[in-house]
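One file, data36.csv, carrying CSV, C-alpha atoms:
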```csv
chain,number,residue,atom,x,y,z
C,1,MET,CA,1.3,-36.2,-23.4
C,2,LEU,CA,4.0,-34.0,-22.0
C,3,MET,CA,7.7,-34.6,-22.6
C,4,VAL,CA,9.2,-34.4,-19.2
C,5,GLY,CA,12.9,-35.1,-20.0
C,6,GLU,CA,14.0,-38.2,-21.8
C,7,ALA,CA,17.5,-38.3,-20.2
C,8,ASP,CA,17.8,-38.0,-16.5
C,9,PRO,CA,19.3,-34.6,-16.1
C,10,THR,CA,19.8,-35.0,-12.3
C,11,ALA,CA,22.2,-37.9,-12.7
C,12,ALA,CA,25.6,-37.3,-11.2
C,13,ASN,CA,27.9,-35.9,-13.8
C,14,PRO,CA,31.7,-36.1,-13.0
C,15,GLU,CA,32.4,-33.0,-15.0
C,16,VAL,CA,29.8,-31.1,-13.0
C,17,VAL,CA,31.4,-32.2,-9.8
C,18,ARG,CA,34.9,-31.2,-11.0
C,19,LEU,CA,33.6,-27.8,-12.1
C,20,VAL,CA,31.9,-27.2,-8.7
C,21,VAL,CA,35.1,-28.1,-6.8
C,22,LEU,CA,37.0,-25.7,-9.0
C,23,ALA,CA,34.4,-23.0,-8.6
C,24,ARG,CA,34.5,-23.4,-4.8
C,25,ALA,CA,38.2,-22.7,-4.9
C,26,GLY,CA,37.4,-19.4,-6.7
C,27,ASP,CA,37.7,-20.5,-10.3
C,28,ARG,CA,35.4,-18.1,-12.2
C,29,ALA,CA,35.9,-19.9,-15.5
C,30,ALA,CA,34.7,-23.1,-14.0
C,31,PHE,CA,31.7,-21.5,-12.6
C,32,GLY,CA,31.0,-19.8,-15.9
C,33,ARG,CA,31.1,-23.3,-17.5
C,34,LEU,CA,28.6,-24.5,-15.0
C,35,ILE,CA,26.2,-21.7,-15.6
C,36,GLU,CA,26.6,-22.0,-19.4
C,37,ASP,CA,25.7,-25.7,-19.2
C,38,HIS,CA,22.6,-25.0,-17.3
C,39,LEU,CA,21.7,-21.6,-18.8
C,40,ALA,CA,19.0,-22.7,-21.3
C,41,ALA,CA,17.1,-24.8,-18.7
C,42,ALA,CA,17.4,-22.0,-16.1
C,43,ARG,CA,16.1,-19.4,-18.6
C,44,ARG,CA,13.1,-21.6,-19.5
C,45,LEU,CA,12.4,-22.2,-15.8
C,46,ALA,CA,12.5,-18.4,-15.1
C,47,LEU,CA,10.4,-17.7,-18.2
C,48,ALA,CA,7.7,-20.1,-16.9
C,49,ALA,CA,7.5,-18.0,-13.8
C,50,VAL,CA,7.8,-14.4,-15.0
C,51,GLY,CA,6.5,-14.7,-18.6
C,52,GLN,CA,8.9,-12.2,-20.1
C,53,PRO,CA,12.3,-13.1,-21.5
C,54,MET,CA,14.0,-10.0,-20.2
C,55,ASP,CA,12.7,-10.5,-16.7
C,56,ALA,CA,13.7,-14.2,-16.9
C,57,ASP,CA,17.2,-13.3,-17.9
C,58,GLU,CA,17.6,-10.9,-15.1
C,59,ALA,CA,16.3,-13.5,-12.6
C,60,VAL,CA,18.8,-16.0,-14.0
C,61,GLN,CA,21.6,-13.4,-13.6
C,62,GLU,CA,20.6,-12.7,-10.0
C,63,ALA,CA,20.4,-16.4,-9.3
C,64,SER,CA,23.9,-16.9,-10.8
C,65,VAL,CA,25.4,-14.3,-8.5
C,66,ALA,CA,23.6,-15.8,-5.5
C,67,ALA,CA,24.8,-19.3,-6.4
C,68,TRP,CA,28.4,-17.9,-6.8
C,69,THR,CA,28.3,-16.4,-3.3
C,70,ARG,CA,26.7,-19.3,-1.7
C,71,LEU,CA,28.6,-22.1,-3.4
C,72,ASP,CA,30.2,-23.1,-0.1
C,73,GLY,CA,26.8,-24.0,1.2
C,74,LEU,CA,26.3,-26.7,-1.4
C,75,GLN,CA,26.8,-29.9,0.4
C,76,ASP,CA,26.9,-32.3,-2.5
C,77,PRO,CA,28.6,-31.0,-5.7
C,78,ALA,CA,26.7,-33.6,-7.8
C,79,ALA,CA,23.4,-31.9,-6.7
C,80,PHE,CA,24.4,-28.6,-8.3
C,81,ARG,CA,21.7,-28.7,-11.0
C,82,GLY,CA,18.7,-29.0,-8.6
C,83,TRP,CA,20.3,-26.5,-6.1
C,84,PHE,CA,20.9,-23.9,-8.9
C,85,MET,CA,17.4,-24.4,-10.3
C,86,ARG,CA,15.8,-23.8,-6.9
C,87,ILE,CA,17.7,-20.5,-6.6
C,88,VAL,CA,16.6,-19.5,-10.1
C,89,TRP,CA,13.0,-20.4,-9.3
C,90,ARG,CA,13.0,-18.3,-6.1
C,91,LYS,CA,14.6,-15.4,-7.9
C,92,ALA,CA,12.0,-15.6,-10.6
C,93,ILE,CA,9.1,-15.8,-8.1
C,94,ASP,CA,10.5,-12.8,-6.3
C,95,ARG,CA,10.7,-10.9,-9.5
C,96,ARG,CA,7.1,-11.9,-10.4
C,97,ARG,CA,5.9,-10.6,-7.1
C,98,SER,CA,7.8,-7.4,-7.4
C,99,VAL,CA,6.5,-6.8,-10.9
C,100,ARG,CA,2.9,-7.4,-9.7
C,101,SER,CA,3.4,-5.1,-6.7
C,102,TRP,CA,4.7,-2.4,-9.0
C,103,PHE,CA,1.6,-2.8,-11.2
C,104,GLU,CA,-0.6,-2.7,-8.2
C,105,ARG,CA,1.2,0.4,-6.7
C,106,PHE,CA,0.6,2.3,-9.9
C,107,GLY,CA,-3.0,1.1,-10.3
C,108,VAL,CA,-2.4,-0.7,-13.6
C,109,SER,CA,-3.9,-3.9,-12.4
C,110,SER,CA,-4.8,-5.2,-8.9
C,111,ALA,CA,-5.8,-8.7,-9.9
C,112,GLY,CA,-4.3,-11.2,-7.6
C,113,ASP,CA,-3.7,-13.8,-10.2
C,114,HIS,CA,-3.7,-12.0,-13.5
C,115,PRO,CA,-2.5,-13.9,-16.6
C,116,MET,CA,1.1,-13.5,-17.7
C,117,GLU,CA,2.1,-11.6,-20.8
C,118,PHE,CA,4.0,-14.2,-22.7
C,119,PRO,CA,5.6,-12.8,-25.8
C,120,ALA,CA,4.2,-13.8,-29.2
C,121,ALA,CA,6.7,-16.3,-30.6
C,122,ASP,CA,7.1,-18.0,-33.9
C,123,PRO,CA,5.0,-21.0,-34.3
C,124,ALA,CA,6.5,-24.3,-33.2
C,125,PRO,CA,6.8,-27.0,-35.8
C,126,ASP,CA,4.0,-28.9,-34.2
C,127,ALA,CA,1.9,-25.8,-34.2
C,128,MET,CA,2.2,-25.6,-37.9
C,129,LEU,CA,-0.3,-28.4,-38.1
C,130,MET,CA,-3.0,-26.5,-36.2
C,131,SER,CA,-4.8,-23.3,-37.1
C,132,ARG,CA,-3.4,-20.0,-36.0
C,133,GLU,CA,-6.7,-19.4,-34.3
C,134,LEU,CA,-6.4,-22.5,-32.2
C,135,GLU,CA,-2.8,-21.7,-31.3
C,136,THR,CA,-3.8,-18.2,-30.2
C,137,ALA,CA,-6.7,-19.6,-28.1
C,138,ILE,CA,-4.5,-22.2,-26.4
C,139,GLY,CA,-1.9,-19.5,-25.5
C,140,GLN,CA,-4.6,-17.2,-24.0
C,141,VAL,CA,-6.2,-20.0,-22.0
C,142,VAL,CA,-2.8,-21.2,-20.6
C,143,ARG,CA,-1.9,-17.6,-19.7
C,144,ALA,CA,-5.2,-17.2,-17.9
C,145,LEU,CA,-4.7,-20.3,-15.7
C,146,PRO,CA,-4.3,-19.8,-11.9
C,147,LYS,CA,-0.6,-19.7,-10.9
C,148,LYS,CA,-0.8,-22.9,-8.9
C,149,LEU,CA,-1.9,-24.8,-12.0
C,150,ARG,CA,0.0,-22.8,-14.6
C,151,ASP,CA,3.4,-23.1,-12.9
C,152,PRO,CA,3.6,-27.0,-12.7
C,153,PHE,CA,2.0,-27.3,-16.1
C,154,LEU,CA,4.5,-25.0,-17.8
C,155,LEU,CA,7.5,-26.5,-15.9
C,156,ALA,CA,6.4,-30.0,-17.1
C,157,ALA,CA,5.8,-28.7,-20.6
C,158,SER,CA,9.3,-27.2,-20.8
C,159,GLY,CA,10.7,-30.7,-21.0
C,160,ASP,CA,13.5,-29.9,-18.6
C,161,HIS,CA,12.1,-31.2,-15.3
C,162,ARG,CA,10.7,-34.4,-14.0
C,163,TYR,CA,7.7,-34.4,-11.8
C,164,GLU,CA,10.0,-35.1,-8.8
C,165,GLU,CA,12.0,-32.0,-9.6
C,166,ILE,CA,8.9,-29.9,-10.0
C,167,ALA,CA,7.7,-31.0,-6.6
C,168,LEU,CA,11.0,-29.9,-5.1
C,169,LEU,CA,10.9,-26.6,-6.9
C,170,LEU,CA,7.4,-25.8,-5.9
C,171,GLY,CA,7.6,-27.3,-2.4
C,172,ILE,CA,4.6,-29.5,-2.9
C,173,PRO,CA,4.1,-33.3,-2.8
C,174,LEU,CA,4.6,-35.3,-6.0
C,175,GLY,CA,1.0,-36.4,-6.2
C,176,THR,CA,-0.1,-32.8,-6.0
C,177,VAL,CA,2.1,-31.9,-8.9
C,178,LYS,CA,0.6,-34.7,-11.0
C,179,TRP,CA,-2.9,-33.7,-10.0
C,180,ARG,CA,-2.3,-30.0,-10.9
C,181,VAL,CA,-0.8,-30.8,-14.3
C,182,ALA,CA,-3.8,-33.0,-15.1
C,183,GLU,CA,-6.2,-30.4,-13.7
C,184,ALA,CA,-4.6,-27.7,-15.8
C,185,ARG,CA,-5.0,-29.8,-18.9
C,186,ARG,CA,-8.6,-30.5,-18.1
C,187,MET,CA,-9.3,-26.8,-17.6
C,188,ILE,CA,-7.6,-25.9,-20.8
C,189,ARG,CA,-9.6,-28.4,-22.7
C,190,ALA,CA,-12.8,-27.3,-21.1
C,191,LYS,CA,-12.2,-23.7,-22.0
C,192,LEU,CA,-11.2,-24.5,-25.5
C,193,GLU,CA,-14.4,-26.5,-26.0
C,194,ARG,CA,-16.4,-23.6,-24.7
C,195,LEU,CA,-14.6,-21.4,-27.3
C,196,GLY,CA,-15.5,-23.8,-30.0
C,197,HIS,CA,-12.2,-25.6,-30.3
C,198,GLY,CA,-13.4,-29.1,-29.2
C,199,PRO,CA,-12.6,-32.3,-30.9
C,200,GLN,CA,-15.2,-31.8,-33.6
C,201,ALA,CA,-13.9,-28.3,-34.3
C,202,ASP,CA,-10.4,-29.8,-34.6
C,203,GLN,CA,-11.7,-32.1,-37.3
C,204,GLY,CA,-13.3,-29.1,-39.0
C,205,HIS,CA,-10.0,-27.2,-38.8
C,206,ARG,CA,-8.1,-30.0,-40.4
C,207,ARG,CA,-10.7,-30.4,-43.1
C,208,HIS,CA,-10.5,-26.6,-43.7
C,209,ARG,CA,-6.7,-26.6,-44.0
K,1,MET,CA,-0.6,-30.5,-45.6
K,2,THR,CA,-2.9,-31.3,-42.8
K,3,GLN,CA,-3.1,-35.0,-43.1
K,4,THR,CA,-0.9,-35.6,-40.1
K,5,PRO,CA,-3.3,-36.5,-37.3
K,6,PHE,CA,-3.2,-34.5,-34.1
K,7,ASP,CA,-5.4,-34.2,-31.1
K,8,LEU,CA,-6.1,-31.3,-28.8
K,9,ASP,CA,-3.6,-32.6,-26.2
K,10,THR,CA,-0.8,-32.5,-28.7
K,11,ALA,CA,-1.7,-29.0,-29.7
K,12,ILE,CA,-1.8,-27.9,-26.0
K,13,ASP,CA,1.6,-29.5,-25.4
K,14,ALA,CA,3.1,-27.8,-28.4
K,15,VAL,CA,1.8,-24.4,-27.5
K,16,ALA,CA,2.9,-24.8,-23.8
K,17,LYS,CA,6.4,-25.7,-24.8
K,18,GLN,CA,6.4,-22.7,-27.1
K,19,LEU,CA,5.6,-20.5,-24.2
K,20,THR,CA,8.8,-21.4,-22.4
K,21,ARG,CA,11.0,-21.4,-25.4
K,22,VAL,CA,14.0,-19.0,-25.2
K,23,GLU,CA,16.2,-17.6,-27.9
K,24,HIS,CA,19.9,-18.4,-27.7
K,25,ASP,CA,21.8,-15.5,-26.3
K,26,PRO,CA,25.5,-16.0,-26.7
K,27,HIS,CA,26.4,-13.0,-24.6
K,28,LEU,CA,24.3,-13.8,-21.5
K,29,ALA,CA,26.8,-16.2,-20.0
K,30,ALA,CA,29.5,-13.6,-20.5
K,31,ARG,CA,27.4,-10.9,-18.9
K,32,ILE,CA,26.7,-13.2,-15.9
K,33,ALA,CA,30.4,-14.0,-15.5
K,34,MET,CA,31.2,-10.2,-15.6
K,35,SER,CA,28.7,-9.5,-12.8
K,36,LEU,CA,30.1,-12.1,-10.4
K,37,PRO,CA,31.4,-10.4,-7.3
K,38,GLU,CA,34.6,-11.2,-5.4
K,39,ARG,CA,34.3,-14.2,-3.1
K,40,SER,CA,35.7,-13.7,0.4
K,41,SER,CA,37.5,-16.6,1.9
K,42,TRP,CA,35.5,-16.7,5.2
K,43,SER,CA,32.2,-16.3,3.5
K,44,PHE,CA,31.4,-12.9,4.9
K,45,ALA,CA,28.1,-13.0,2.9
K,46,TRP,CA,27.1,-16.0,4.8
K,47,TRP,CA,27.9,-14.5,8.2
K,48,LEU,CA,26.6,-11.0,7.6
K,49,PRO,CA,22.9,-11.7,8.0
K,50,ARG,CA,23.5,-13.8,11.1
K,51,LEU,CA,25.7,-11.2,12.7
K,52,ALA,CA,23.1,-8.5,11.8
K,53,MET,CA,20.4,-10.7,13.5
K,54,ILE,CA,22.5,-11.2,16.6
K,55,ALA,CA,23.2,-7.4,16.7
K,56,VAL,CA,19.5,-6.7,16.5
K,57,VAL,CA,18.7,-9.1,19.3
K,58,VAL,CA,21.5,-7.7,21.5
K,59,ILE,CA,20.5,-4.0,20.9
K,60,GLY,CA,16.9,-4.9,21.4
K,61,GLY,CA,17.7,-6.5,24.7
K,62,ALA,CA,19.8,-3.6,25.8
K,63,PHE,CA,16.9,-1.2,25.0
K,64,TRP,CA,14.5,-3.4,26.9
K,65,ILE,CA,16.7,-3.4,30.0
K,66,ALA,CA,17.3,0.3,29.8
K,67,ARG,CA,13.6,0.8,29.4
K,68,ASP,CA,12.9,-1.2,32.6
K,69,GLY,CA,15.5,0.8,34.6
K,70,ARG,CA,14.1,4.0,33.4
K,71,VAL,CA,10.6,3.0,34.7
K,72,VAL,CA,12.0,2.3,38.1
K,73,ARG,CA,13.9,5.5,38.3
K,74,GLU,CA,10.9,7.5,37.2
K,75,ALA,CA,8.6,5.7,39.7
K,76,ALA,CA,10.5,6.9,42.7
K,77,PRO,CA,10.3,10.7,42.1
K,78,LEU,CA,6.7,10.4,41.0
K,79,ALA,CA,5.7,8.6,44.3
K,80,SER,CA,7.7,11.0,46.5
K,81,SER,CA,6.5,14.1,44.8
K,82,ARG,CA,3.0,13.1,45.4
K,83,PHE,CA,3.4,13.2,49.1
K,84,HIS,CA,6.1,15.8,49.6
K,85,ALA,CA,5.1,18.4,47.1
K,86,ALA,CA,3.0,20.4,49.6
K,87,PRO,CA,5.6,20.8,52.4
K,88,THR,CA,8.2,21.6,49.7
K,89,GLU,CA,6.0,24.3,48.3
K,90,LEU,CA,5.2,25.6,51.8
K,91,VAL,CA,8.9,25.9,52.7
K,92,ALA,CA,9.6,27.5,49.3
K,93,SER,CA,6.8,30.1,49.8
K,94,VAL,CA,8.1,31.3,53.2
K,95,GLU,CA,10.2,34.4,52.9
K,96,PRO,CA,13.0,34.3,55.4
K,97,LEU,CA,13.2,37.5,57.5
K,98,ALA,CA,16.0,38.8,59.5
K,99,PRO,CA,15.2,39.4,63.2
K,100,SER,CA,15.9,43.1,62.9
K,101,ASN,CA,13.3,43.4,60.1
K,102,PHE,CA,10.4,42.1,62.2
K,103,VAL,CA,7.3,44.3,61.9
K,104,ALA,CA,4.4,43.8,64.1
K,105,PRO,CA,1.0,43.7,62.5
K,106,SER,CA,-1.0,46.8,63.0
K,107,ASN,CA,-4.2,45.1,64.1
K,108,LEU,CA,-2.5,43.1,66.9
K,109,VAL,CA,-3.9,44.0,70.4
K,110,VAL,CA,-1.1,44.0,72.9
K,111,PRO,CA,-2.4,43.4,76.5
K,112,ASN,CA,-1.5,46.1,79.0
K,113,ARG,CA,0.5,44.4,81.7
K,114,THR,CA,1.5,47.6,83.6
K,115,ARG,CA,-1.4,47.4,86.1
K,116,PRO,CA,-0.8,45.6,89.5
K,117,LEU,CA,-2.3,42.2,90.1
K,118,GLU,CA,-5.8,42.3,91.9
K,119,PRO,CA,-5.9,40.5,95.3
K,120,LEU,CA,-7.8,37.2,95.4
K,121,GLU,CA,-10.8,36.8,97.7
K,122,PRO,CA,-10.2,34.5,100.8
K,123,LEU,CA,-11.7,31.1,100.7
K,124,GLU,CA,-14.5,30.1,103.2
K,125,PRO,CA,-13.2,27.7,105.9
K,126,LEU,CA,-14.4,24.1,105.8
K,127,GLU,CA,-15.8,22.3,108.8
K,128,PRO,CA,-13.5,19.7,110.2
K,129,LEU,CA,-14.4,16.0,109.6
K,130,VAL,CA,-15.5,14.3,112.9
K,131,LEU,CA,-14.7,10.6,112.7
K,132,GLU,CA,-16.4,9.7,116.1
K,133,SER,CA,-19.9,10.3,114.7
K,134,LEU,CA,-20.0,6.8,113.4
K,135,SER,CA,-20.0,3.9,115.9
K,136,ASP,CA,-17.9,0.9,115.2
K,137,ASP,CA,-20.7,-1.6,116.0
K,138,ALA,CA,-23.7,0.1,114.5
K,139,PRO,CA,-25.6,-2.2,112.1
K,140,LEU,CA,-25.4,-1.4,108.4
K,141,THR,CA,-29.2,-1.6,107.9
K,142,LEU,CA,-31.7,0.8,106.5
K,143,ALA,CA,-35.3,1.4,107.8
K,144,PRO,CA,-37.9,-0.3,105.5
K,145,LEU,CA,-39.3,2.1,103.0
K,146,ALA,CA,-43.1,2.6,103.3
K,147,ILE,CA,-44.9,2.8,100.0
K,148,ALA,CA,-48.6,3.7,99.8
K,149,ASP,CA,-50.9,1.2,98.1
K,150,LEU,CA,-51.1,1.7,94.4
K,151,PRO,CA,-54.4,2.7,92.9
K,152,ALA,CA,-56.6,0.0,91.4
K,153,ALA,CA,-57.0,-0.3,87.7
K,154,GLU,CA,-60.7,0.5,87.7
K,155,SER,CA,-60.1,3.7,89.6
K,156,ILE,CA,-58.0,5.1,86.9
K,157,SER,CA,-59.9,7.1,84.3
K,158,PRO,CA,-59.6,5.7,80.8
K,159,ARG,CA,-58.9,9.2,79.6
```
Transcribe the structure of this file into structure tokens.
Amino acid sequence: MLMVGEADPTAANPEVVRLVVLARAGDRAAFGRLIEDHLAAARRLALAAVGQPMDADEAVQEASVAAWTRLDGLQDPAAFRGWFMRIVWRKAIDRRRSVRSWFERFGVSSAGDHPMEFPAADPAPDAMLMSRELETAIGQVVRALPKKLRDPFLLAASGDHRYEEIALLLGIPLGTVKWRVAEARRMIRAKLERLGHGPQADQGHRRHR
Amino acid sequence: MTQTPFDLDTAIDAVAKQLTRVEHDPHLAARIAMSLPERSSWSFAWWLPRLAMIAVVVIGGAFWIARDGRVVREAAPLASSRFHAAPTELVASVEPLAPSNFVAPSNLVVPNRTRPLEPLEPLEPLEPLVLESLSDDAPLTLAPLAIADLPAAESISPR
């Protein structure tokens, strides 16, 4: 099953509150510390939306500037993490829409829900146990998922967000998030089995290797 | 090497996590800090869109009011020109002439009034009315009117 964050990242952190208060007073260094503490999670969040690390980093940068200028609007300093992540998600979604409209304007692709172009990455340690063919197939199937299933599935898979946070980010009920994650997994499994990567094939892969 | 058991769900989770993995960038935080703009004390950025929206509403209302006034002002000359255009054109088409410049038309027949008036014929005298021809106590009755018998129906020819 998915790892959805062992420690509660939304718990009130006195250091975060102190940094937010300082940043509100105009302390750039304090705000830099805040961003740095949440940078990895913010980049993974944006990457789940846009699919390209460069676009994700630009979305995070835009979100950081927006958070800096709107910091006075944050009511509860302890809620900085969720507030910042929502800004990052909105900026990433805006970038995803603008990239799609650019492609559509130049006739490259007009598909309304085309798969994302995630970069090829080094295999994860867990992936070393599976065949390269299966890993590639899973990546392709995940990229081809509809957005409404792919977004919550990847956010949950990133390990940074609980289901409640994902529900807030996407603006959908908690039950819908859980259903979509389960439905995404069901679709991935079904497609993999059609591609010949079912449970029996897994046994075959393991015997082969 | 492949003795560790794994199922398809584990493989899916591993690949999904890999899709959102980011490389550490030690310079990104510094770049973000460098791109931060100055913060104004009265949060101008917060007020700016609101002020812009208010301005749009006010300008739109002003244009709307001006548009209504223009319609009323245009309606009056349109209505008046419809009814007064002809007299106005008539007056404009008349060329004013000085009295000394009057020229009589050539085909105008001027009656000759130099001859003397002809004498009128005398009227015949009327007989004077005699009021004594009617007696004061004469009965106002008329003699019965004698009407001959009407012909019988059989005596009338069918033709």
Using only C-alpha atoms, find the residues of chain C whose closest atom to chain K is at most 6 Å away, then write them as a PyMOL selection string. chain C and resi 32+36+44+47-48+61+65+126+157-158+206
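The space separating atom CA of Arg28 of chain C from atom CA of Ala78 of chain C comes to 18.3 Å.
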Would you work out the distance separating atom CA of Ile172 of chain C from atom CA of Pro14 of chain C, expressed in Å to one decimal?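 Computed distance, atom CA of Ile172 of chain C to atom CA of Pro14 of chain C, equals 29.7 Å.
Taking atom CA of Lys178 of chain C and atom CA of Ala41 of chain C as endpoints, the distance between them is 20.7 Å.
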Spatial neighbours of Ser64 of chain C, max dist 9 Å, only C-alpha atoms, sep filter under 4 positions, as a count of residues only: 11
Find the residue from C:Val177, C:Arg150, C:Ala144, C:Leu134 that sits nearest to Leu195 of chain C; use all atoms listed in the file when measuring.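 Looking only at the distances to Leu195 of chain C, the closest residue turns out to be C:Leu134.
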Could you give me, as an MDAnalysis selection string, the residues within 10 Å of Val21 of chain C, counting all atoms listed in the file and dropping anything in the same chain fewer than 5 positions from it? chainID C and resid 15:16 26:27 30:31 71:72 77
Every residue with an atom at most 12 Å from (-9.7, -25.0, -20.7) (file coordinates; only C-alpha atoms) is what I'm after, so could you write them as a ChimeraX atom specification? /C:137-146,149-150,182-198 /K:8-9,12
Which residues come within 8 Å of Ala49 of chain C, counting only C-alpha atoms, excluding same-chain residues fewer than 4 positions away, as a ChimeraX atom specification? /C:45,56,89,92-93,96,151
I'd like to know which of C:Pro53, C:Leu39, C:Arg24, C:Val99 is closest to Arg70 of chain C, using all atoms listed in the file.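 Of the candidates, the smallest distance to Arg70 of chain C is held by C:Arg24.
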